[in-house]
Amino acid sequence: MAKKDDKQKAEKKKRGKKGAPDDVAYSSIATHPRARASVRKIKAWTGLGAFVIAAALSLKASVPTIDVGERALIAGIAGYMLAWWFSMLVWRHLMLAEQRAAVEEIERRRADAAAREATGKT
């Protein structure tokens, strides 16, 4: 009985907060250091830019101040969401390209090593 409890405790220690193992074998944008920083930066600047542009255009059109704020806020949120979607799309493709390049490099090195081994033996 004690062994079973020890095994369960050890298994719980291996798992994270939500019960998933800590050593996940897949890649995600949230765990990629450059992607994570890039997405955060793009979202922030695009949302802020959309907010400022909408506010400037609304003020130029002589829209009442409360409406300027509403339009700017809505444009900022929309810009933020569009930037998030687009940056996720781009980074997914970039990460796949990086993974393909890494696999091709590994395969090339293995082929070179096999060729060297074959020529060295004969």
# chains A, B, ... in the order shown; residues from 1 in each chain; ligands from 1
>>> residues_around(residues="region 64-79 of chain A", least_positions_apart="6", cutoff="8 Å", atoms="only C-alpha atoms", output="count of residues only")
12
>>> select_by_dssp(residues="region 27-61 of chain A", states="helix (DSSP H, G or I)", output="PyMOL selection string")
chain A and resi 33-60
>>> atom_distance(atom1="CA of Trp85 (chain A)", atom2="CA of Ile42 (chain A)")
10.6 Å
